[in-house]
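Below is one structure, written out as structure tokens, with a few remarks after it.
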Amino acid sequence: MDQLQEDLGIAKVVDHLTEQFPALGRIRVEQVVDEAHRLLSGNPIRDYVPVLVQRTAKDRLRRIMTDEPAAIPAV
């Protein structure tokens, strides 16, 4: 997988996870995906990076959703 394919794959992961976790917002999803992507930066085999990033980021986003208290509406 070349760098362009990997970048496109990561962009699709962000899009997919943003749809799956709309309450967190795109910026938060991008941050989590970027963190997951950086964890794999030293690996020479890149073919499965988008899949691995998605799996790692999705697990992290699920934990964020359950760990963060619900937003309290302003009165």
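In the structure tokens, the first chain shown is A, the next is B, and so on; residue numbers restart at 1 for each chain, and ligands run from 1 in the order shown.
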
Problem - Every residue of chain A that DSSP places in helix (DSSP H, G or I), as a ChimeraX atom specification - result: /A:3-20,22-39,49-67

Practice task
Find the spatial neighbours of Val49 of chain A, counting only C-alpha atoms, within a cut-off of 12 Å - ignore same-chain residues fewer than 5 positions away - and output them as a PyMOL selection string.
Solution key: chain A and resi 1-3+5-10+13+33-34+36-44+54-57

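For the pair atom CA of Ile64 of chain A and atom CA of Tyr48 of chain A, the separation is 24.3 Å.
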
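Look at Val29 of chain A: the protein and nucleic acid residues within 7 Å of it, using only C-alpha atoms and passing over chain neighbours fewer than 3 places away, are Val14, Leu17, Thr18, Leu24, Gly25, Arg26, Val32 and Val33 of chain A.
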
Handout entry: Length of the atom CA of Leu4 of chain A to atom CA of Arg28 of chain A vector [Å]
Key = 23.0 Å

Handout entry: Nearest to Ala11 of chain A by atom-to-atom distance, counting only C-alpha atoms, from A:Pro50, A:Glu35, A:Thr66, A:Ile45
Key = A:Pro50

Exercise for the section: For atom CA of Glu19 of chain A and atom CA of Arg62 of chain A, determine how far apart the two atoms are, in Å to one decimal place. Expected result: 13.3 Å
